[in-house]
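Colleague: Below is the file structure11.tsv, which contains TSV, C-alpha atoms.
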chain	number	residue	atom	x	y	z
A	1	MET	CA	-56.84	95.24	26.56
A	2	SER	CA	-58.83	92.07	26.57
A	3	GLU	CA	-56.72	90.66	23.71
A	4	ILE	CA	-53.47	91.43	25.56
A	5	SER	CA	-54.68	89.80	28.73
A	6	SER	CA	-55.76	86.72	26.90
A	7	ALA	CA	-52.39	86.51	25.17
A	8	SER	CA	-50.52	86.90	28.41
A	9	GLY	CA	-52.70	84.25	29.98
A	10	SER	CA	-51.99	81.83	27.20
A	11	GLY	CA	-48.25	82.48	27.44
A	12	THR	CA	-48.30	81.68	31.11
A	13	MET	CA	-50.05	78.46	30.31
A	14	MET	CA	-47.40	77.53	27.74
A	15	ASN	CA	-44.60	78.16	30.19
A	16	ASP	CA	-46.19	75.77	32.65
A	17	GLN	CA	-46.13	72.93	30.09
A	18	GLY	CA	-43.18	70.71	29.16
A	19	PRO	CA	-41.64	70.42	25.68
A	20	TRP	CA	-43.99	67.57	24.80
A	21	GLY	CA	-47.09	69.42	25.91
A	22	GLY	CA	-47.30	67.90	29.37
A	23	PRO	CA	-47.04	69.67	32.72
A	24	ARG	CA	-43.63	70.47	34.20
A	25	LYS	CA	-42.34	68.79	37.29
A	26	GLY	CA	-44.15	69.89	40.35
A	27	GLY	CA	-46.95	71.34	38.30
A	28	GLY	CA	-50.21	70.07	36.91
A	29	ASP	CA	-52.21	67.14	37.97
A	30	GLY	CA	-50.65	64.75	35.50
A	31	GLY	CA	-53.93	64.12	33.83
A	32	ASN	CA	-54.67	63.45	30.27
A	33	GLY	CA	-55.63	66.96	29.66
A	34	GLY	CA	-52.01	68.17	29.88
A	35	GLY	CA	-50.94	67.05	26.37
A	36	PRO	CA	-49.02	64.03	24.83
A	37	ARG	CA	-46.56	61.99	26.94
A	38	ASN	CA	-42.79	61.71	26.28
A	39	PRO	CA	-42.38	58.43	24.23
A	40	TRP	CA	-38.83	57.75	25.54
A	41	THR	CA	-39.68	57.56	29.25
A	42	PRO	CA	-42.11	55.20	30.98
A	43	PRO	CA	-45.05	56.73	32.82
A	44	PRO	CA	-44.68	57.11	36.57
A	45	GLN	CA	-45.66	54.13	38.68
A	46	GLY	CA	-49.07	54.26	40.19
A	47	SER	CA	-50.15	57.23	38.14
A	48	GLY	CA	-52.50	57.25	35.31
A	49	GLY	CA	-55.45	58.82	33.90
A	50	GLY	CA	-58.97	57.75	33.93
A	51	GLY	CA	-59.06	57.27	37.68
A	52	GLY	CA	-57.08	53.97	37.88
A	53	PRO	CA	-53.41	52.90	38.32
A	54	ARG	CA	-51.32	52.32	35.20
A	55	LYS	CA	-50.05	48.80	34.34
A	56	SER	CA	-46.25	48.29	34.58
A	57	ARG	CA	-44.42	47.79	31.30
A	58	GLY	CA	-41.25	45.71	30.41
A	59	PRO	CA	-37.70	47.10	30.37
A	60	SER	CA	-37.00	50.04	28.16
A	61	LEU	CA	-34.88	49.90	24.98
A	62	GLU	CA	-32.00	51.57	26.81
A	63	ASP	CA	-32.04	48.86	29.53
A	64	ILE	CA	-32.06	46.10	26.92
A	65	PHE	CA	-28.92	47.49	25.20
A	66	ARG	CA	-27.22	48.08	28.54
A	67	ASN	CA	-27.75	44.45	29.70
A	68	ARG	CA	-27.38	42.61	26.37
A	69	GLY	CA	-24.07	40.86	27.42
A	70	LYS	CA	-25.56	39.32	30.56
A	71	PHE	CA	-27.50	36.08	30.96
A	72	ASN	CA	-30.54	37.80	32.41
A	73	MET	CA	-32.01	38.54	28.99
A	74	PRO	CA	-35.71	38.06	28.51
A	75	GLY	CA	-36.42	34.45	29.30
A	76	GLY	CA	-34.71	34.47	32.69
A	77	SER	CA	-32.45	31.75	34.14
A	78	GLY	CA	-33.65	29.03	31.72
A	79	ASN	CA	-31.55	30.37	28.85
A	80	LYS	CA	-28.56	30.64	31.16
A	81	SER	CA	-28.77	26.92	32.02
A	82	VAL	CA	-29.05	25.92	28.33
A	83	TRP	CA	-25.93	27.90	27.44
A	84	LEU	CA	-24.00	26.34	30.32
A	85	LEU	CA	-25.03	22.80	29.32
A	86	ALA	CA	-24.08	23.44	25.69
A	87	ALA	CA	-20.66	24.75	26.73
A	88	VAL	CA	-20.04	21.73	28.99
A	89	ALA	CA	-21.07	19.35	26.19
A	90	LEU	CA	-18.71	21.00	23.72
A	91	VAL	CA	-15.82	20.79	26.18
A	92	ALA	CA	-16.57	17.12	26.86
A	93	LEU	CA	-16.64	16.27	23.14
A	94	TRP	CA	-13.43	18.19	22.53
A	95	MET	CA	-11.65	16.31	25.33
A	96	ALA	CA	-13.03	12.93	24.18
A	97	PHE	CA	-11.94	13.34	20.56
A	98	SER	CA	-8.54	14.82	21.34
A	99	SER	CA	-7.59	12.82	24.45
A	100	VAL	CA	-8.75	9.22	23.81
A	101	HIS	CA	-6.89	7.19	21.17
A	102	VAL	CA	-7.20	3.57	19.99
A	103	LEU	CA	-4.21	1.97	18.19
A	104	GLY	CA	-4.41	-1.26	16.19
A	105	ALA	CA	-2.09	-4.22	16.59
A	106	GLU	CA	0.06	-3.01	13.66
A	107	GLU	CA	0.26	0.62	14.79
A	108	GLU	CA	2.40	2.72	17.10
A	109	GLY	CA	1.66	6.25	18.28
A	110	VAL	CA	4.07	9.17	18.59
A	111	VAL	CA	2.94	11.74	21.19
A	112	THR	CA	4.11	15.35	20.95
A	113	ARG	CA	3.64	17.91	23.72
A	114	LEU	CA	3.47	21.50	22.51
A	115	GLY	CA	5.10	20.37	19.25
A	116	ALA	CA	8.06	18.53	20.83
A	117	TYR	CA	8.48	14.75	20.97
A	118	ASN	CA	7.32	13.29	24.31
A	119	ARG	CA	6.86	9.51	24.05
A	120	THR	CA	5.97	6.54	21.82
A	121	VAL	CA	3.04	4.26	22.71
A	122	GLY	CA	2.11	0.81	21.45
A	123	PRO	CA	-1.20	-0.81	20.45
A	124	GLY	CA	-4.28	-0.41	22.66
A	125	PHE	CA	-6.15	2.43	24.40
A	126	HIS	CA	-4.19	5.55	25.32
A	127	PHE	CA	-5.00	8.91	26.86
A	128	THR	CA	-3.27	12.21	26.18
A	129	LEU	CA	-3.76	15.77	27.23
A	130	PRO	CA	-6.36	17.55	25.11
A	131	ALA	CA	-5.23	19.30	21.97
A	132	PRO	CA	-3.32	21.48	21.37
A	133	LEU	CA	-1.34	20.54	24.48
A	134	GLU	CA	-0.61	17.00	23.21
A	135	LYS	CA	-1.13	15.34	19.84
A	136	LEU	CA	-0.78	11.68	18.80
A	137	GLN	CA	0.30	10.57	15.31
A	138	LYS	CA	-0.36	6.98	14.27
A	139	VAL	CA	2.28	5.08	12.26
A	140	ASP	CA	1.73	1.63	10.72
A	141	THR	CA	4.99	-0.19	11.47
A	142	GLN	CA	3.92	-3.54	9.96
A	143	ALA	CA	2.93	-2.32	6.50
A	144	ILE	CA	5.28	-2.99	3.59
A	145	ARG	CA	5.53	0.19	1.55
A	146	THR	CA	6.60	0.17	-2.10
A	147	THR	CA	8.52	2.85	-3.96
A	148	GLN	CA	8.93	2.33	-7.72
A	149	ILE	CA	11.85	3.87	-9.57
A	150	GLY	CA	11.73	4.03	-13.34
A	151	SER	CA	8.95	2.77	-15.58
A	152	THR	CA	8.38	-0.41	-17.55
A	153	GLY	CA	6.76	1.56	-20.35
A	154	ALA	CA	8.55	3.21	-23.23
A	155	SER	CA	7.39	6.69	-22.22
A	156	GLN	CA	9.94	7.08	-19.42
A	157	GLU	CA	13.51	5.72	-19.42
A	158	ASN	CA	15.87	5.32	-16.48
A	159	LEU	CA	19.26	4.92	-18.17
A	160	ILE	CA	22.20	3.52	-16.17
A	161	LEU	CA	25.81	3.04	-17.27
A	162	THR	CA	27.47	-0.40	-16.97
A	163	SER	CA	31.13	-1.25	-16.42
A	164	ASP	CA	31.73	-1.94	-20.15
A	165	GLN	CA	30.43	1.54	-21.11
A	166	ASN	CA	27.02	0.34	-22.24
A	167	ILE	CA	23.65	1.80	-21.25
A	168	ILE	CA	20.63	-0.11	-19.97
A	169	ASP	CA	17.10	0.99	-19.13
A	170	MET	CA	16.14	-0.22	-15.65
A	171	ALA	CA	12.88	-0.16	-13.67
A	172	TYR	CA	12.78	-1.53	-10.15
A	173	GLU	CA	10.88	-1.18	-6.89
A	174	VAL	CA	12.01	-0.84	-3.29
A	175	ARG	CA	9.95	-2.52	-0.54
A	176	TRP	CA	10.51	-1.01	2.91
A	177	SER	CA	8.89	-0.61	6.33
A	178	VAL	CA	9.10	1.69	9.36
A	179	ARG	CA	11.38	0.51	12.17
A	180	ASP	CA	11.40	3.59	14.44
A	181	PRO	CA	8.29	5.84	14.23
A	182	GLN	CA	9.95	8.75	16.05
A	183	ARG	CA	12.86	9.00	13.62
A	184	PHE	CA	10.60	8.30	10.65
A	185	LEU	CA	8.42	11.31	11.52
A	186	PHE	CA	10.98	13.83	12.72
A	187	GLN	CA	14.40	12.94	11.25
A	188	LEU	CA	13.61	13.24	7.52
A	189	GLU	CA	11.50	15.92	5.88
A	190	ASP	CA	10.16	13.59	3.15
A	191	PRO	CA	10.94	9.91	3.90
A	192	GLU	CA	9.45	8.50	0.68
A	193	GLN	CA	11.39	10.91	-1.50
A	194	THR	CA	14.55	10.06	0.45
A	195	VAL	CA	14.01	6.33	-0.14
A	196	ALA	CA	13.60	6.96	-3.90
A	197	GLU	CA	16.77	9.05	-4.14
A	198	VAL	CA	18.86	6.64	-2.05
A	199	GLY	CA	17.57	3.69	-4.12
A	200	GLU	CA	18.51	5.33	-7.39
A	201	SER	CA	22.00	6.20	-6.11
A	202	ALA	CA	22.60	2.67	-4.81
A	203	MET	CA	21.41	1.09	-8.09
A	204	ARG	CA	23.75	3.21	-10.19
A	205	ALA	CA	26.68	2.33	-7.93
A	206	ALA	CA	25.89	-1.40	-8.14
A	207	VAL	CA	25.30	-1.60	-11.91
A	208	ALA	CA	28.60	0.19	-12.52
A	209	ASN	CA	30.35	-3.03	-11.39
A	210	PHE	CA	28.61	-5.31	-13.93
A	211	GLU	CA	28.86	-5.72	-17.68
A	212	LEU	CA	25.84	-5.34	-19.92
A	213	ILE	CA	25.18	-9.05	-20.53
A	214	SER	CA	25.43	-9.80	-16.83
A	215	ALA	CA	23.28	-6.84	-15.78
A	216	ILE	CA	20.39	-7.81	-18.07
A	217	GLY	CA	20.63	-11.52	-17.32
A	218	PRO	CA	22.42	-13.68	-14.77
A	219	GLY	CA	23.68	-10.85	-12.56
A	220	ARG	CA	20.32	-9.38	-11.60
A	221	GLY	CA	20.07	-11.28	-8.32
A	222	GLU	CA	23.47	-10.12	-7.17
A	223	ILE	CA	22.65	-6.54	-8.15
A	224	GLU	CA	19.48	-6.64	-6.04
A	225	ALA	CA	21.41	-7.89	-3.00
A	226	GLN	CA	24.10	-5.19	-3.35
A	227	VAL	CA	21.51	-2.41	-3.75
A	228	ARG	CA	19.60	-3.50	-0.64
A	229	GLU	CA	22.76	-3.62	1.49
A	230	ARG	CA	23.98	-0.24	0.25
A	231	MET	CA	20.59	1.42	0.79
A	232	GLN	CA	20.34	0.12	4.36
A	233	GLN	CA	23.79	1.50	5.18
A	234	ILE	CA	22.93	4.96	3.82
A	235	LEU	CA	19.51	5.13	5.53
A	236	ASP	CA	21.03	4.02	8.85
A	237	SER	CA	23.60	6.80	8.57
A	238	TYR	CA	20.67	9.23	8.10
A	239	ARG	CA	18.99	7.80	11.25
A	240	SER	CA	15.83	7.43	9.19
A	241	GLY	CA	14.16	4.61	11.15
A	242	ILE	CA	13.52	2.69	7.89
A	243	ASP	CA	14.15	-1.00	7.11
A	244	VAL	CA	14.74	-1.97	3.45
A	245	GLN	CA	13.00	-5.32	2.95
A	246	ALA	CA	13.80	-6.18	-0.68
A	247	ILE	CA	14.73	-4.86	-4.13
A	248	SER	CA	12.95	-6.21	-7.22
A	249	ILE	CA	14.20	-5.44	-10.73
A	250	LEU	CA	11.14	-5.17	-12.98
A	251	GLN	CA	12.97	-4.36	-16.22
A	252	SER	CA	16.59	-4.49	-17.32
A	253	ASP	CA	16.84	-3.88	-21.07
A	254	PRO	CA	18.99	-1.93	-23.49
A	255	PRO	CA	17.59	1.41	-24.71
A	256	ALA	CA	14.53	1.21	-26.95
A	257	GLU	CA	16.47	2.31	-30.03
A	258	VAL	CA	18.75	-0.76	-29.97
A	259	ASN	CA	16.57	-3.18	-28.02
A	260	GLU	CA	15.61	-5.29	-31.06
A	261	ALA	CA	19.24	-5.72	-32.11
A	262	PHE	CA	20.19	-6.79	-28.61
A	263	LYS	CA	17.36	-9.32	-28.59
A	264	GLU	CA	18.60	-10.84	-31.84
A	265	VAL	CA	22.14	-11.03	-30.47
A	266	ASN	CA	20.93	-12.69	-27.28
A	267	ALA	CA	18.82	-15.16	-29.27
A	268	ALA	CA	21.85	-16.10	-31.39
A	269	LYS	CA	23.97	-16.57	-28.26
A	270	GLN	CA	21.31	-18.78	-26.71
A	271	GLU	CA	21.13	-20.91	-29.86
A	272	ARG	CA	24.92	-21.25	-29.83
A	273	GLU	CA	24.91	-22.31	-26.20
A	274	SER	CA	22.11	-24.79	-26.91
A	275	ALA	CA	24.01	-26.34	-29.83
A	276	ILE	CA	27.18	-26.61	-27.74
A	277	ASN	CA	25.30	-28.30	-24.91
A	278	ASN	CA	23.60	-30.77	-27.28
A	279	SER	CA	26.94	-31.72	-28.91
A	280	ARG	CA	28.54	-32.23	-25.53
A	281	ALA	CA	25.67	-34.47	-24.44
A	282	PHE	CA	25.90	-36.55	-27.64
A	283	SER	CA	29.67	-36.88	-27.27
A	284	GLN	CA	29.25	-38.07	-23.70
A	285	ARG	CA	26.70	-40.71	-24.74
A	286	VAL	CA	28.98	-42.03	-27.52
A	287	ILE	CA	31.96	-42.22	-25.18
A	288	GLU	CA	29.97	-44.05	-22.52
A	289	ARG	CA	28.64	-46.52	-25.07
A	290	ALA	CA	32.15	-47.15	-26.47
A	291	LEU	CA	33.51	-47.75	-22.99
A	292	GLY	CA	30.69	-50.22	-22.31
A	293	ASP	CA	31.33	-52.09	-25.57
A	294	THR	CA	35.04	-52.26	-24.81
A	295	ALA	CA	34.44	-53.72	-21.36
A	296	ARG	CA	32.03	-56.28	-22.78
A	297	PHE	CA	34.49	-57.31	-25.52
A	298	ASP	CA	37.24	-57.79	-22.94
A	299	LYS	CA	35.01	-60.15	-20.95
A	300	VAL	CA	34.03	-62.15	-24.09
A	301	TYR	CA	37.66	-62.42	-25.12
A	302	ALA	CA	38.57	-63.80	-21.72
A	303	GLU	CA	35.89	-66.50	-22.07
A	304	TYR	CA	36.98	-67.23	-25.64
A	305	ARG	CA	40.53	-67.97	-24.52
A	306	LEU	CA	39.19	-70.53	-22.05
A	307	ALA	CA	36.72	-72.28	-24.47
A	308	PRO	CA	37.03	-71.11	-28.07
A	309	GLU	CA	34.45	-73.49	-29.68
A	310	VAL	CA	31.73	-72.92	-27.11
A	311	THR	CA	32.29	-69.19	-27.18
A	312	ARG	CA	32.07	-69.07	-30.99
A	313	ARG	CA	28.79	-71.03	-31.00
A	314	ARG	CA	27.34	-68.77	-28.26
A	315	ILE	CA	28.32	-65.66	-30.18
A	316	TYR	CA	26.69	-67.13	-33.31
A	317	TYR	CA	23.43	-67.88	-31.50
A	318	GLU	CA	23.29	-64.47	-29.84
A	319	THR	CA	23.96	-62.76	-33.17
A	320	MET	CA	21.22	-64.75	-34.99
A	321	GLU	CA	18.83	-64.04	-32.11
A	322	GLY	CA	19.50	-60.33	-32.42
A	323	VAL	CA	19.08	-60.40	-36.21
A	324	LEU	CA	16.05	-62.69	-36.51
A	325	GLY	CA	14.38	-62.01	-33.17
A	326	GLY	CA	11.87	-59.46	-34.48
A	327	VAL	CA	11.29	-60.97	-37.94
A	328	ASP	CA	8.50	-63.35	-38.99
A	329	LYS	CA	10.11	-66.73	-39.68
A	330	THR	CA	9.07	-69.98	-41.31
A	331	ILE	CA	11.24	-73.06	-40.89
A	332	ILE	CA	11.23	-75.69	-43.60
A	333	GLU	CA	13.29	-78.85	-43.30
A	334	SER	CA	13.42	-82.00	-45.37
A	335	GLY	CA	13.29	-85.44	-43.82
A	336	SER	CA	11.18	-88.54	-43.65
A	337	ASN	CA	10.02	-88.18	-40.04
A	338	VAL	CA	10.18	-84.31	-39.65
A	339	THR	CA	7.36	-81.89	-40.39
A	340	PRO	CA	8.46	-79.95	-43.43
A	341	TYR	CA	6.61	-76.72	-42.45
A	342	LEU	CA	6.59	-74.99	-39.06
A	343	PRO	CA	4.75	-71.57	-38.94
A	344	LEU	CA	6.50	-70.06	-35.95
A	345	PRO	CA	4.85	-66.58	-36.11
A	346	GLU	CA	1.39	-68.17	-36.17
A	347	LEU	CA	2.19	-70.34	-33.18
A	348	LYS	CA	3.54	-67.31	-31.31
A	349	ARG	CA	0.36	-65.31	-31.94
A	350	ARG	CA	-1.82	-68.20	-30.77
A	351	ALA	CA	0.21	-68.54	-27.62
A	352	GLU	CA	-0.17	-64.83	-26.84
A	353	GLN	CA	-4.00	-64.86	-27.29
A	354	PRO	CA	-5.93	-65.33	-23.99
A	355	VAL	CA	-7.69	-68.65	-23.56
A	356	ALA	CA	-11.49	-68.29	-23.78
A	357	THR	CA	-13.39	-69.94	-20.92
A	358	VAL	CA	-16.84	-71.46	-21.38
A	359	GLU	CA	-19.48	-70.51	-18.81
A	360	GLY	CA	-20.29	-73.35	-16.43
A	361	THR	CA	-16.94	-75.10	-16.80
A	362	PRO	CA	-14.48	-75.20	-13.94
Step by step, read the file and then write its structure as structure tokens.
Modeller:
Amino acid sequence: MSEISSASGSGTMMNDQGPWGGPRKGGGDGGNGGGPRNPWTPPPQGSGGGGGPRKSRGPSLEDIFRNRGKFNMPGGSGNKSVWLLAAVALVALWMAFSSVHVLGAEEEGVVTRLGAYNRTVGPGFHFTLPAPLEKLQKVDTQAIRTTQIGSTGASQENLILTSDQNIIDMAYEVRWSVRDPQRFLFQLEDPEQTVAEVGESAMRAAVANFELISAIGPGRGEIEAQVRERMQQILDSYRSGIDVQAISILQSDPPAEVNEAFKEVNAAKQERESAINNSRAFSQRVIERALGDTARFDKVYAEYRLAPEVTRRRIYYETMEGVLGGVDKTIIESGSNVTPYLPLPELKRRAEQPVATVEGTP
């Protein structure tokens, strides 16, 4: 009987306790003697064991997860201000880099709004709406761009047919600039590739009007002018916004297989032309000299008819002067009162020597 009563008493005591060994609500004194406390709930405010009030704790784990998206995380309003300042700074930098633009003196800017063309601006400071609402693309309208077609090396040939059914290997470059930035950016998908293709087409059309000798020599300047004019017409019809400045032929030679033979032929032709020019110059000199001699003889003959004896003596003296003028001469004459020997060359050399002056004499 005593065992049963003790067992029933202990069961009553167990029913009065909670699942964690503590007293149920409304029962017990909440002291430490009631068993361990539930670890997931904070202790009641103002209650505690040992005769004194319990100290308040921080928020529970459930509260932290519930409020994790708000700014009132541990740390208070200070963290909220830092996040706001960082957001404002990022917005200000984004607007500064995407809205303020500086264009150089050689540049123009094309502004697009939501991908569509809006306006074109010149050099200086400009402001646009922040990206992606508006974007500005800079275009250098003063730069001379160069597109080379063909190669001067033997590795790549650009063969073109001439009017006399011959083939030449040509390399040339096209120098061009941007006239209208809007059309340059939006009218053509690849402007540089278009310039190369138009230049090649125009060169083939121009060379087809020239023979081989002219295309590799004297006709190159005319070919360049025709190619530039034809290219400008085609690009204007495309509304490309491009100006063709000049065409420069870098190489105009026959194919590599026959290039040496063509060089020998050209060298022979140049020698022939040189010999013809030299013979013509010599013939002209001889004719001019003959005409001069004829005119001089006519004048002498006119004087001879007026005074035959004087004219004969004058002709004799002039002839002897021309024959003996540059020869050393010695005159020897016989006579009682005439010096038999007269060294004319020695006297001439003495006369040509400068006279030496003695210091102190006037």
Colleague: Of the residues A:Arg228, A:Thr147, A:Gly153, A:Thr319, which is the one nearest to Glu197 in chain A, using all atoms listed in the file?
Modeller: A:Thr147
Colleague: What does the distance from CA of Thr128 in chain A to CA of Leu185 in chain A come to in Å, to one decimal?
Modeller: 18.8 Å
Colleague: Can you measure CA of Val102 in chain A to CA of Lys138 in chain A for me? One decimal in Å is fine.
Modeller: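 Result for CA of Val102 in chain A versus CA of Lys138 in chain A: 9.5 Å, one decimal.
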Colleague: Using all atoms listed in the file, which protein or nucleic acid residues come within 9 Å of range 171-173 of chain A? Drop anything in the same chain fewer than 2 positions from it, and give the result as an MDAnalysis selection string.
Modeller: chainID A and resid 146:152 157:158 169 175 199 246:252
Colleague: Just C-alpha atoms for this one: save the residues we selected as an mmCIF file, keeping the file's coordinate frame.
Modeller:
data_model
loop_
_atom_site.group_PDB
_atom_site.id
_atom_site.type_symbol
_atom_site.label_atom_id
_atom_site.label_comp_id
_atom_site.auth_asym_id
_atom_site.auth_seq_id
_atom_site.Cartn_x
_atom_site.Cartn_y
_atom_site.Cartn_z
ATOM 1 C CA THR A 146 6.600 0.170 -2.100
ATOM 2 C CA THR A 147 8.520 2.850 -3.960
ATOM 3 C CA GLN A 148 8.930 2.330 -7.720
ATOM 4 C CA ILE A 149 11.850 3.870 -9.570
ATOM 5 C CA GLY A 150 11.730 4.030 -13.340
ATOM 6 C CA SER A 151 8.950 2.770 -15.580
ATOM 7 C CA THR A 152 8.380 -0.410 -17.550
ATOM 8 C CA GLU A 157 13.510 5.720 -19.420
ATOM 9 C CA ASN A 158 15.870 5.320 -16.480
ATOM 10 C CA ASP A 169 17.100 0.990 -19.130
ATOM 11 C CA ARG A 175 9.950 -2.520 -0.540
ATOM 12 C CA GLY A 199 17.570 3.690 -4.120
ATOM 13 C CA ALA A 246 13.800 -6.180 -0.680
ATOM 14 C CA ILE A 247 14.730 -4.860 -4.130
ATOM 15 C CA SER A 248 12.950 -6.210 -7.220
ATOM 16 C CA ILE A 249 14.200 -5.440 -10.730
ATOM 17 C CA LEU A 250 11.140 -5.170 -12.980
ATOM 18 C CA GLN A 251 12.970 -4.360 -16.220
ATOM 19 C CA SER A 252 16.590 -4.490 -17.320
#
Colleague: Enter the distance from CA of Val198 in chain A to CA of Ser163 in chain A, in Å, rounded to one decimal.
Modeller: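 Distance reported for this atom pair: 20.5 Å.
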Colleague: Let me make sure I understand: among A:Leu324, A:Leu103, A:Leu85, A:Ile168, which one has the smallest atom-to-atom distance to Thr141 in chain A if we use all atoms listed in the file?
Modeller: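 Checking each candidate against Thr141 in chain A, we get A:Leu103 as the closest.
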Colleague: If we count only C-alpha atoms, what is near Phe125 in chain A at a cut-off of 9 Å, once residues fewer than 2 positions away on the same chain are taken out, given as a PDB file with C-alpha atoms, in the frame of the given file?
Modeller:
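Output saved as part00.pdb:
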ATOM      1  CA  VAL A 100      -8.750   9.220  23.810  1.00  0.00           C
ATOM      2  CA  HIS A 101      -6.890   7.190  21.170  1.00  0.00           C
ATOM      3  CA  VAL A 102      -7.200   3.570  19.990  1.00  0.00           C
ATOM      4  CA  LEU A 103      -4.210   1.970  18.190  1.00  0.00           C
ATOM      5  CA  GLY A 122       2.110   0.810  21.450  1.00  0.00           C
ATOM      6  CA  PRO A 123      -1.200  -0.810  20.450  1.00  0.00           C
ATOM      7  CA  PHE A 127      -5.000   8.910  26.860  1.00  0.00           C
TER       8      PHE A 127
END
Colleague: Please identify all polymer residues within 7 Å of range 237-239 of chain A, counting only C-alpha atoms, omitting same-chain residues fewer than 4 positions from it, and present them as a ChimeraX atom specification.
Modeller: /A:183,187,233
Colleague: How would range 109-127 of chain A look with N, CA and C atoms restored, written as an mmCIF file, keeping the file's coordinate frame?
Modeller:
data_model
loop_
_atom_site.group_PDB
_atom_site.id
_atom_site.type_symbol
_atom_site.label_atom_id
_atom_site.label_comp_id
_atom_site.auth_asym_id
_atom_site.auth_seq_id
_atom_site.Cartn_x
_atom_site.Cartn_y
_atom_site.Cartn_z
ATOM 1 N N GLY A 109 2.014 4.839 18.216
ATOM 2 C CA GLY A 109 1.660 6.250 18.280
ATOM 3 C C GLY A 109 2.794 7.088 18.817
ATOM 4 N N VAL A 110 3.042 8.219 18.162
ATOM 5 C CA VAL A 110 4.070 9.170 18.590
ATOM 6 C C VAL A 110 3.351 10.379 19.188
ATOM 7 N N VAL A 111 3.605 10.655 20.468
ATOM 8 C CA VAL A 111 2.940 11.740 21.190
ATOM 9 C C VAL A 111 3.876 12.939 21.248
ATOM 10 N N THR A 112 3.355 14.094 20.857
ATOM 11 C CA THR A 112 4.110 15.350 20.950
ATOM 12 C C THR A 112 3.398 16.267 21.944
ATOM 13 N N ARG A 113 4.172 16.955 22.750
ATOM 14 C CA ARG A 113 3.640 17.910 23.720
ATOM 15 C C ARG A 113 4.116 19.303 23.339
ATOM 16 N N LEU A 114 3.168 20.145 22.976
ATOM 17 C CA LEU A 114 3.470 21.500 22.510
ATOM 18 C C LEU A 114 4.459 21.477 21.337
ATOM 19 N N GLY A 115 4.289 20.473 20.451
ATOM 20 C CA GLY A 115 5.100 20.370 19.250
ATOM 21 C C GLY A 115 6.383 19.613 19.386
ATOM 22 N N ALA A 116 6.806 19.256 20.609
ATOM 23 C CA ALA A 116 8.060 18.530 20.830
ATOM 24 C C ALA A 116 7.763 17.076 21.148
ATOM 25 N N TYR A 117 8.691 16.175 20.714
ATOM 26 C CA TYR A 117 8.480 14.750 20.970
ATOM 27 C C TYR A 117 8.443 14.477 22.467
ATOM 28 N N ASN A 118 7.459 13.629 22.889
ATOM 29 C CA ASN A 118 7.320 13.290 24.310
ATOM 30 C C ASN A 118 7.490 11.813 24.569
ATOM 31 N N ARG A 119 6.785 10.959 23.800
ATOM 32 C CA ARG A 119 6.860 9.510 24.050
ATOM 33 C C ARG A 119 6.265 8.771 22.852
ATOM 34 N N THR A 120 6.528 7.442 22.834
ATOM 35 C CA THR A 120 5.970 6.540 21.820
ATOM 36 C C THR A 120 5.157 5.467 22.528
ATOM 37 N N VAL A 121 3.937 5.231 22.083
ATOM 38 C CA VAL A 121 3.040 4.260 22.710
ATOM 39 C C VAL A 121 2.732 3.153 21.723
ATOM 40 N N GLY A 122 2.393 1.976 22.279
ATOM 41 C CA GLY A 122 2.110 0.810 21.450
ATOM 42 C C GLY A 122 0.618 0.619 21.215
ATOM 43 N N PRO A 123 0.220 -0.562 20.728
ATOM 44 C CA PRO A 123 -1.200 -0.810 20.450
ATOM 45 C C PRO A 123 -2.050 -0.761 21.712
ATOM 46 N N GLY A 124 -3.348 -0.452 21.545
ATOM 47 C CA GLY A 124 -4.280 -0.410 22.660
ATOM 48 C C GLY A 124 -4.895 0.969 22.851
ATOM 49 N N PHE A 125 -5.532 1.159 24.044
ATOM 50 C CA PHE A 125 -6.150 2.430 24.400
ATOM 51 C C PHE A 125 -5.127 3.320 25.098
ATOM 52 N N HIS A 126 -5.130 4.607 24.722
ATOM 53 C CA HIS A 126 -4.190 5.550 25.320
ATOM 54 C C HIS A 126 -4.888 6.888 25.506
ATOM 55 N N PHE A 127 -4.433 7.612 26.535
ATOM 56 C CA PHE A 127 -5.000 8.910 26.860
ATOM 57 C C PHE A 127 -3.884 9.957 26.813
#
